[in-house]
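Shown next: my_file38.txt, containing compact mmCIF, C-alpha atoms.
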```
# COMPACT_ATOMS: atom_id res chain seq x y z
CA MET Y 1 33.79 29.04 -7.92
CA TYR Y 2 31.58 31.96 -8.53
CA THR Y 3 28.87 32.16 -11.12
CA LEU Y 4 26.61 34.85 -12.48
CA LYS Y 5 22.91 34.33 -12.00
CA HIS Y 6 21.93 35.67 -15.41
CA LEU Y 7 24.23 33.19 -17.09
CA TYR Y 8 22.81 30.30 -15.16
CA THR Y 9 19.15 30.86 -15.74
CA ASN Y 10 19.33 30.48 -19.49
CA THR Y 11 17.40 27.21 -19.38
CA ARG Y 12 13.66 27.54 -19.89
CA TRP Y 13 11.65 26.85 -16.77
CA GLN Y 14 8.20 27.78 -15.67
CA ASN Y 15 6.88 28.24 -12.16
CA GLN Y 16 3.58 26.41 -12.25
CA THR Y 17 2.10 27.38 -8.89
CA GLY Y 18 4.11 30.21 -7.37
CA GLN Y 19 4.27 28.31 -4.06
CA ALA Y 20 7.30 27.30 -2.01
CA ASP Y 21 6.99 23.73 -3.24
CA HIS Y 22 6.27 23.77 -6.94
CA GLU Y 23 6.96 22.08 -10.25
CA PHE Y 24 9.30 23.12 -13.02
CA MET Y 25 8.84 22.10 -16.63
CA TYR Y 26 11.98 21.83 -18.74
CA GLU Y 27 11.68 18.97 -21.24
CA THR Y 28 10.68 16.79 -18.30
CA GLN Y 29 9.10 17.50 -14.95
CA ARG Y 30 11.23 19.03 -12.23
CA VAL Y 31 9.91 19.11 -8.70
CA ALA Y 32 11.26 21.69 -6.24
CA LYS Y 33 10.91 20.79 -2.57
CA THR Y 34 12.26 21.70 0.84
CA TYR Y 35 13.53 19.15 3.33
CA GLN Y 36 12.67 20.35 6.84
CA ALA Y 37 15.44 18.91 9.02
CA GLY Y 38 14.56 20.59 12.31
CA ASP Y 39 17.40 21.72 14.54
CA PHE Y 40 20.61 20.40 12.97
CA GLY Y 41 23.85 19.99 14.89
CA LEU Y 42 26.83 21.57 13.14
CA GLN Y 43 30.48 20.59 13.11
CA SER Y 44 31.28 23.81 15.00
CA GLY Y 45 29.20 22.66 17.96
CA GLU Y 46 26.46 25.19 17.20
CA THR Y 47 22.95 24.24 16.12
CA LEU Y 48 21.30 25.42 12.93
CA LEU Y 49 17.74 26.17 13.98
CA ASP Y 50 14.90 24.95 11.77
CA ALA Y 51 17.37 23.75 9.13
CA ARG Y 52 15.97 23.69 5.60
CA LEU Y 53 17.52 22.04 2.57
CA SER Y 54 15.99 23.23 -0.69
CA TYR Y 55 16.34 20.83 -3.60
CA VAL Y 56 15.02 19.92 -7.02
CA GLN Y 57 14.25 16.40 -8.15
CA VAL Y 58 14.27 15.46 -11.83
CA GLY Y 59 13.16 11.94 -12.73
CA ARG Y 60 12.22 9.10 -10.43
CA LEU Y 61 14.01 6.54 -8.31
CA ASN Y 62 13.84 3.10 -9.89
CA PRO Y 63 12.73 -0.07 -8.04
CA ASP Y 64 16.35 -1.17 -7.55
CA LYS Y 65 17.19 2.21 -6.00
CA ASP Y 66 20.44 2.45 -7.92
CA ASN Y 67 19.82 5.32 -10.36
CA LEU Y 68 20.21 8.32 -8.03
CA VAL Y 69 22.44 11.17 -9.26
CA LEU Y 70 23.42 14.11 -7.04
CA LEU Y 71 24.44 17.49 -8.46
CA PRO Y 72 25.35 19.77 -5.51
CA THR Y 73 25.33 23.49 -6.28
CA TYR Y 74 28.29 25.86 -6.42
CA TYR Y 75 29.21 29.18 -4.83
CA GLY Y 76 26.67 31.89 -5.63
CA GLY Y 77 24.51 29.56 -7.71
CA THR Y 78 21.26 27.71 -7.13
CA HIS Y 79 19.74 24.57 -8.59
CA GLU Y 80 18.88 26.44 -11.82
CA GLY Y 81 22.59 26.62 -12.60
CA ASN Y 82 22.93 22.83 -12.84
CA LEU Y 83 20.02 22.34 -15.24
CA PRO Y 84 22.24 22.52 -18.37
CA LEU Y 85 23.79 19.21 -17.25
CA ILE Y 86 20.43 17.46 -17.54
CA GLY Y 87 18.52 16.29 -20.60
CA ALA Y 88 17.96 13.51 -23.10
CA ALA Y 89 20.97 14.70 -25.12
CA SER Y 90 23.33 14.56 -22.12
CA ALA Y 91 24.72 11.74 -20.02
CA LEU Y 92 22.17 12.65 -17.33
CA ASP Y 93 18.92 11.62 -18.97
CA PRO Y 94 16.03 12.02 -16.49
CA GLU Y 95 14.25 9.13 -18.17
CA ARG Y 96 17.09 6.94 -16.88
CA TYR Y 97 18.22 8.68 -13.69
CA CYS Y 98 16.62 10.24 -10.64
CA ILE Y 99 18.56 13.50 -10.42
CA LEU Y 100 18.71 15.41 -7.14
CA ILE Y 101 20.07 18.97 -7.00
CA PRO Y 102 20.53 20.09 -3.37
CA ASN Y 103 21.08 23.80 -2.74
CA LEU Y 104 24.13 24.79 -0.73
CA LEU Y 105 23.49 26.11 2.77
CA GLY Y 106 23.87 29.88 2.58
CA ASN Y 107 22.82 30.28 -1.06
CA GLY Y 108 19.51 31.98 -0.29
CA ARG Y 109 17.37 28.91 -1.07
CA SER Y 110 18.43 26.52 1.68
CA SER Y 111 18.93 27.90 5.21
CA SER Y 112 20.94 31.10 4.84
CA PRO Y 113 21.63 34.33 6.72
CA SER Y 114 18.93 36.04 4.65
CA ASN Y 115 16.16 33.53 5.46
CA ALA Y 116 17.20 31.79 8.68
CA HIS Y 117 15.31 31.39 11.94
CA PRO Y 118 14.93 34.94 13.37
CA ASP Y 119 17.41 34.17 16.15
CA GLN Y 120 20.11 33.34 13.57
CA ARG Y 121 19.35 35.78 10.78
CA ASN Y 122 21.98 37.95 9.08
CA ALA Y 123 25.19 38.36 11.14
CA ARG Y 124 23.97 35.82 13.72
CA PHE Y 125 23.99 32.93 11.23
CA PRO Y 126 26.31 30.11 12.38
CA LYS Y 127 29.43 28.99 10.51
CA ILE Y 128 28.72 26.15 8.07
CA SER Y 129 31.30 23.60 6.93
CA LEU Y 130 31.52 21.43 3.82
CA TYR Y 131 31.03 18.47 6.14
CA ASP Y 132 27.77 20.00 7.43
CA ASN Y 133 26.41 20.36 3.90
CA VAL Y 134 27.17 16.78 2.90
CA ARG Y 135 25.81 15.30 6.15
CA LEU Y 136 22.55 17.19 5.69
CA GLN Y 137 22.31 16.04 2.07
CA HIS Y 138 22.95 12.47 3.18
CA GLN Y 139 20.18 12.80 5.75
CA LEU Y 140 17.84 13.87 2.93
CA VAL Y 141 18.83 10.82 0.83
CA GLN Y 142 18.28 8.54 3.81
CA THR Y 143 14.92 10.04 4.69
CA HIS Y 144 13.29 10.65 1.31
CA PHE Y 145 15.24 8.54 -1.18
CA SER Y 146 15.43 5.22 0.66
CA ASP Y 147 19.16 5.66 1.34
CA ALA Y 148 19.64 4.77 -2.32
CA ALA Y 149 22.92 3.92 -3.99
CA ILE Y 150 24.51 6.98 -5.61
CA ALA Y 151 25.19 6.23 -9.27
CA LEU Y 152 27.01 9.55 -9.56
CA VAL Y 153 27.68 12.65 -7.51
CA ALA Y 154 29.09 15.45 -9.63
CA GLY Y 155 29.66 19.15 -9.46
CA TRP Y 156 31.54 22.17 -10.66
CA SER Y 157 33.64 24.23 -8.30
CA MET Y 158 32.20 24.07 -4.80
CA GLY Y 159 29.84 21.40 -6.15
CA GLY Y 160 32.90 19.31 -7.00
CA MET Y 161 34.27 19.79 -3.48
CA GLN Y 162 31.02 18.36 -2.13
CA ALA Y 163 31.18 15.46 -4.61
CA LEU Y 164 34.58 14.38 -3.29
CA GLN Y 165 33.44 14.80 0.32
CA TRP Y 166 30.48 12.53 -0.45
CA ALA Y 167 32.76 9.89 -1.95
CA ALA Y 168 35.10 9.94 1.07
CA LEU Y 169 32.40 9.86 3.75
CA TYR Y 170 30.16 7.27 2.08
CA PRO Y 171 32.48 5.06 0.00
CA GLN Y 172 30.11 2.09 -0.13
CA GLN Y 173 27.20 4.23 -1.30
CA VAL Y 174 28.87 6.36 -3.96
CA HIS Y 175 29.75 4.49 -7.16
CA ALA Y 176 31.07 7.40 -9.25
CA ALA Y 177 32.14 10.97 -8.51
CA ALA Y 178 33.10 13.89 -10.74
CA SER Y 179 34.99 16.97 -9.58
CA ILE Y 180 35.03 19.64 -12.28
CA CYS Y 181 37.26 22.69 -11.77
CA ALA Y 182 37.47 21.85 -8.09
CA THR Y 183 39.69 20.32 -5.44
CA ALA Y 184 39.05 18.34 -2.27
CA ARG Y 185 40.27 21.20 -0.10
CA CYS Y 186 40.74 24.94 -0.41
CA TRP Y 187 44.49 25.14 -0.96
CA PRO Y 188 46.51 28.09 0.45
CA HIS Y 189 46.59 30.30 -2.66
CA ASN Y 190 42.85 29.79 -3.09
CA GLN Y 191 42.37 30.93 0.51
CA VAL Y 192 44.40 34.09 -0.12
CA PHE Y 193 42.33 34.89 -3.22
CA LEU Y 194 39.19 34.65 -1.08
CA GLU Y 195 40.69 36.95 1.54
CA GLY Y 196 41.00 39.59 -1.19
CA VAL Y 197 37.40 39.51 -2.36
CA LYS Y 198 36.16 39.31 1.22
CA ALA Y 199 38.18 42.40 2.15
CA ALA Y 200 36.75 44.28 -0.84
CA LEU Y 201 33.22 43.69 0.43
CA THR Y 202 33.75 44.20 4.13
CA CYS Y 203 35.71 47.46 3.73
CA ASP Y 204 32.42 49.16 2.92
CA PRO Y 205 31.40 51.01 6.14
CA VAL Y 206 27.78 50.08 5.42
CA TRP Y 207 28.78 46.45 5.99
CA ASN Y 208 28.91 47.09 9.74
CA GLU Y 209 30.08 43.55 10.61
CA GLY Y 210 27.07 42.13 8.82
CA ASN Y 211 24.57 44.27 10.73
CA TYR Y 212 23.71 46.49 7.78
CA THR Y 213 20.27 48.03 7.36
CA THR Y 214 20.76 48.74 3.66
CA PRO Y 215 22.86 46.58 1.31
CA PRO Y 216 26.57 47.47 1.22
CA ALA Y 217 26.41 48.39 -2.46
CA ALA Y 218 29.93 49.77 -2.76
CA GLY Y 219 31.34 46.62 -1.16
CA LEU Y 220 29.30 44.33 -3.38
CA LYS Y 221 30.46 46.16 -6.50
CA ALA Y 222 34.09 46.04 -5.37
CA PHE Y 223 33.73 42.33 -4.62
CA ALA Y 224 32.40 41.79 -8.13
CA ARG Y 225 35.18 43.69 -9.90
CA VAL Y 226 37.94 41.93 -7.98
CA TYR Y 227 36.33 38.54 -8.56
CA ALA Y 228 35.88 38.98 -12.31
CA GLY Y 229 39.64 39.13 -12.81
CA TRP Y 230 40.02 35.73 -11.16
CA ALA Y 231 37.05 33.92 -12.69
CA TYR Y 232 38.43 33.96 -16.24
CA SER Y 233 41.93 33.53 -17.64
CA GLN Y 234 44.38 36.05 -19.05
CA ALA Y 235 43.68 34.67 -22.54
CA PHE Y 236 39.94 35.20 -22.04
CA PHE Y 237 40.53 38.95 -21.77
CA ARG Y 238 43.43 39.17 -24.22
CA ASN Y 239 41.44 37.41 -26.96
CA GLU Y 240 38.24 39.33 -26.13
CA THR Y 241 36.39 36.09 -25.51
CA TYR Y 242 33.99 38.06 -23.30
CA ARG Y 243 32.30 39.10 -26.56
CA GLN Y 244 30.82 35.59 -26.68
CA LEU Y 245 28.82 36.61 -23.60
CA GLY Y 246 27.46 39.64 -25.42
CA HIS Y 247 29.80 42.19 -23.84
CA GLN Y 248 31.52 44.66 -26.14
CA SER Y 249 34.21 45.70 -23.65
CA ILE Y 250 35.82 44.66 -20.39
CA GLU Y 251 34.10 47.54 -18.65
CA GLU Y 252 30.75 46.26 -19.85
CA LEU Y 253 31.56 42.82 -18.43
CA LEU Y 254 32.57 44.36 -15.10
CA ARG Y 255 29.35 46.36 -14.87
CA PHE Y 256 27.42 43.17 -15.53
CA TRP Y 257 29.19 41.50 -12.61
CA GLU Y 258 28.40 44.52 -10.44
CA GLU Y 259 24.70 44.38 -11.27
CA ASP Y 260 24.60 40.67 -10.56
CA HIS Y 261 26.21 41.10 -7.15
CA LEU Y 262 23.90 43.94 -6.21
CA GLN Y 263 21.05 41.41 -6.41
CA GLN Y 264 22.71 39.12 -3.84
CA ASP Y 265 22.75 39.25 -0.07
CA ALA Y 266 26.18 40.13 1.35
CA ASN Y 267 25.78 37.92 4.42
CA ASP Y 268 24.81 34.99 2.19
CA LEU Y 269 27.88 35.52 0.02
CA LEU Y 270 30.20 35.59 3.01
CA SER Y 271 28.56 32.59 4.66
CA MET Y 272 29.21 30.48 1.56
CA LEU Y 273 32.69 31.98 1.25
CA HIS Y 274 33.50 30.75 4.76
CA THR Y 275 32.32 27.24 3.83
CA TRP Y 276 34.55 27.32 0.75
CA GLN Y 277 37.59 28.87 2.42
CA THR Y 278 37.60 26.33 5.27
CA ALA Y 279 36.71 23.36 3.07
CA ASN Y 280 38.91 20.32 3.54
CA ILE Y 281 37.83 16.75 2.82
CA SER Y 282 39.76 15.54 5.88
CA CYS Y 283 38.78 18.17 8.46
CA ASN Y 284 36.02 16.24 10.18
CA PRO Y 285 35.67 13.61 12.94
CA VAL Y 286 36.01 10.78 10.41
CA PHE Y 287 39.51 11.62 9.13
CA ASN Y 288 40.81 14.03 11.80
CA GLY Y 289 42.82 16.12 9.35
CA ASP Y 290 44.50 13.20 7.55
CA MET Y 291 44.26 14.24 3.89
CA GLY Y 292 45.82 11.02 2.63
CA ALA Y 293 43.36 8.90 4.60
CA ALA Y 294 40.39 10.91 3.31
CA LEU Y 295 41.41 10.68 -0.35
CA GLY Y 296 42.44 7.06 0.11
CA ALA Y 297 39.01 6.20 1.49
CA ILE Y 298 37.38 7.00 -1.86
CA GLN Y 299 36.40 3.83 -3.69
CA ALA Y 300 34.23 5.38 -6.39
CA ARG Y 301 35.30 5.73 -10.00
CA CYS Y 302 36.40 9.36 -10.08
CA LEU Y 303 36.73 11.99 -12.75
CA ILE Y 304 39.09 14.75 -11.69
CA MET Y 305 38.74 17.49 -14.34
CA PRO Y 306 40.51 20.76 -13.54
CA GLY Y 307 40.49 23.67 -15.97
CA SER Y 308 43.76 24.24 -17.79
CA THR Y 309 43.64 27.99 -17.07
CA ASP Y 310 41.85 27.99 -13.71
CA LEU Y 311 43.58 30.55 -11.49
CA TYR Y 312 42.53 29.22 -8.08
CA PHE Y 313 41.44 25.58 -8.37
CA THR Y 314 44.69 24.76 -10.10
CA LYS Y 315 45.53 21.72 -12.18
CA ALA Y 316 48.63 21.09 -10.02
CA ASP Y 317 46.57 20.87 -6.82
CA ALA Y 318 43.93 18.70 -8.51
CA GLU Y 319 46.54 16.36 -9.97
CA TRP Y 320 48.20 15.87 -6.58
CA GLU Y 321 44.84 14.87 -5.14
CA ALA Y 322 44.03 12.56 -8.05
CA ASN Y 323 47.25 10.66 -7.40
CA GLN Y 324 46.00 9.86 -3.89
CA ILE Y 325 42.71 8.36 -5.15
CA SER Y 326 42.91 4.72 -6.21
CA ASN Y 327 40.42 4.87 -9.08
CA ALA Y 328 40.77 8.41 -10.41
CA ASN Y 329 40.90 9.53 -14.02
CA PHE Y 330 42.70 12.87 -14.29
CA THR Y 331 41.46 14.71 -17.41
CA LEU Y 332 42.35 18.32 -18.13
CA LEU Y 333 39.60 20.62 -19.41
CA GLU Y 334 41.51 22.61 -22.04
CA SER Y 335 39.93 26.04 -22.23
CA GLU Y 336 40.71 29.75 -22.04
CA TRP Y 337 37.59 30.37 -19.95
CA GLY Y 338 39.53 29.97 -16.70
CA HIS Y 339 37.51 28.68 -13.77
CA CYS Y 340 34.29 29.39 -15.65
CA ALA Y 341 35.15 26.69 -18.20
CA GLY Y 342 33.41 24.22 -15.90
CA GLY Y 343 30.24 26.27 -15.51
CA PRO Y 344 27.29 24.25 -16.84
CA GLY Y 345 26.05 25.81 -20.08
CA ARG Y 346 28.62 28.60 -19.99
CA ASN Y 347 29.93 27.80 -23.44
CA THR Y 348 29.01 25.04 -25.85
CA LYS Y 349 32.45 23.52 -26.37
CA ASP Y 350 33.39 23.10 -22.71
CA THR Y 351 29.92 21.92 -21.70
CA GLN Y 352 30.01 19.27 -24.43
CA THR Y 353 33.41 18.09 -23.19
CA ILE Y 354 31.97 17.74 -19.68
CA HIS Y 355 28.92 15.83 -20.99
CA GLU Y 356 31.16 13.37 -22.81
CA ALA Y 357 33.40 12.88 -19.78
CA LEU Y 358 30.41 12.19 -17.52
CA GLU Y 359 29.06 9.67 -20.00
CA ARG Y 360 32.37 7.80 -20.04
CA LEU Y 361 32.46 7.84 -16.25
CA LEU Y 362 28.93 6.46 -15.92
CA ASN Y 363 29.55 3.73 -18.50
CA ALA Y 364 32.91 2.61 -17.08
CA ARG Y 365 32.89 -0.61 -15.13
```
Starting from the file, give its structure as structure tokens.
Amino acid sequence: MYTLKHLYTNTRWQNQTGQADHEFMYETQRVAKTYQAGDFGLQSGETLLDARLSYVQVGRLNPDKDNLVLLPTYYGGTHEGNLPLIGAASALDPERYCILIPNLLGNGRSSSPSNAHPDQRNARFPKISLYDNVRLQHQLVQTHFSDAAIALVAGWSMGGMQALQWAALYPQQVHAAASICATARCWPHNQVFLEGVKAALTCDPVWNEGNYTTPPAAGLKAFARVYAGWAYSQAFFRNETYRQLGHQSIEELLRFWEEDHLQQDANDLLSMLHTWQTANISCNPVFNGDMGAALGAIQARCLIMPGSTDLYFTKADAEWEANQISNANFTLLESEWGHCAGGPGRNTKDTQTIHEALERLLNAR
């Protein structure tokens, strides 16, 4: 579920004003805004002070209010990372759809440890659940998008987890959902993988339980090196597919991951990791831990597309979930790119496969 910033900002965009709320130009106008939600009650019982949901809107809501598409972001990524899914040549044409990309809480754009209310900054930031993210996004849709029908909610990795949560919580509102290299919960082996990368970061003495005064560089670099081995498949390394990313050796790829992580806030990374590790479509007051009830509540047409070589969002887990959803199409994304096969714009072949699958999903009736 992790993505590298440099690989996700390969779309051309231009900051027109340099202000907090500004416009992006990328074939068509993109408007970046922040939804100020005030104090927001969390599933944990805590309150997120001065909650802010950063988002980008591409296209406009039509008079019938039935063309809204949501593309929630993934772990470590921001709205820029979803831009390769949008365009006249893709299923998500902004001339046809109003596309909303909400930033995950904790990702450094929406409310996060690094930018929170002073009383909740850094180690004091409250625990955020998947349910919290989707409820806040729904509040945004209600408030600023006329509680419009959702033509599609789609995402890769943690974005896909949010897509399925949306479909379960709001079955009458969501007409189609796509979960790409994702599952509706963080299954046990996935949780153990996350324990490993978390331990690599927090073993750095500079970490100091999140109360660091300088970034825990050694921990961030260790986190990156451990993670890189999980993000891709064995075949990706054996066949030297990393050369397609411009890296001439595995060591060069690992150093790239290190440099990327050194640019990120450790508390932000671990806040999002908690959201991912505890994610479960049924762990909320609506379904009270009943996984079958949560998956069975989904009425939307669903695309469940795991990666064939994904090491932690496995095809077996995704297929089990798909069998519990009444209108799910289980389609395997055949690729040696591991989990990163689903990353928007990561490689041409896999991205084209995703575009085609989304088009079929949107056109199915």
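Of note, atom CA of Ala88 of chain Y and atom CA of Gly342 of chain Y are spaced 20.1 Å apart.
The two atoms in question, atom CA of Trp320 of chain Y and atom CA of Leu333 of chain Y, are spaced 16.2 Å apart.
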What are the closest atom pairs, with distances in Å to one decimal, for each residue of segment 250-304 of chain Y lying within 12 Å of segment 31-45 of chain Y, using only C-alpha atoms, rows by chain and rising residue number, as a Markdown table?
```
| residue | atom | partner | partner_atom | distance |
| --- | --- | --- | --- | --- |
| Y:Thr275 | CA | Y:Gln43 | CA | 11.6 |
| Y:Thr278 | CA | Y:Ser44 | CA | 11.9 |
| Y:Cys283 | CA | Y:Gln43 | CA | 9.8 |
| Y:Asn284 | CA | Y:Gln43 | CA | 7.6 |
| Y:Pro285 | CA | Y:Gln43 | CA | 8.7 |
| Y:Val286 | CA | Y:Gln43 | CA | 11.6 |
```
Open item on the list: Please determine, counting all atoms listed in the file, which residue among Y:Ala91, Y:Phe237, Y:Gln324, Y:Val206 has the shortest atom-to-atom distance to Thr351 of chain Y.
Closed with: Y:Ala91
TODO: Select, from Y:Gln139, Y:Asn327, Y:Ser335, Y:Asn107, the residue with the minimum atom-to-atom distance to Ala235 of chain Y, counting all atoms listed in the file.
DONE: Y:Ser335
TODO: For Gly159 of chain Y, work out the shell of residues within 9 Å, counting all atoms listed in the file and skipping chain neighbours fewer than 6 positions away, then give it as a ChimeraX atom specification.
DONE: /Y:1,71-75,104,179-180,182
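Considering the residues Y:Ser233, Y:Thr47, Y:Thr183, Y:Gln172 and counting all atoms listed in the file, Ile298 of chain Y has its shortest atom-to-atom contact with Y:Gln172.
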Who sits within 10 Å of Tyr212 of chain Y, only C-alpha atoms, same chain under 5 positions skipped, as a PDB file with C-alpha atoms, in the frame of the given file:
```
ATOM      1  CA  ASN Y 122      21.980  37.950   9.080  1.00  0.00           C
ATOM      2  CA  ALA Y 123      25.190  38.360  11.140  1.00  0.00           C
ATOM      3  CA  PRO Y 205      31.400  51.010   6.140  1.00  0.00           C
ATOM      4  CA  VAL Y 206      27.780  50.080   5.420  1.00  0.00           C
ATOM      5  CA  TRP Y 207      28.780  46.450   5.990  1.00  0.00           C
ATOM      6  CA  ALA Y 266      26.180  40.130   1.350  1.00  0.00           C
ATOM      7  CA  ASN Y 267      25.780  37.920   4.420  1.00  0.00           C
TER       8      ASN Y 267
END
```
Task: Spatial neighbours of Arg124 of chain Y, max dist 10 Å, all atoms listed in the file, sep filter under 3 positions, as JSON, numbers by chain - done: {"Y": [113, 116, 117, 118, 119, 120, 121, 127, 210, 211, 267]}
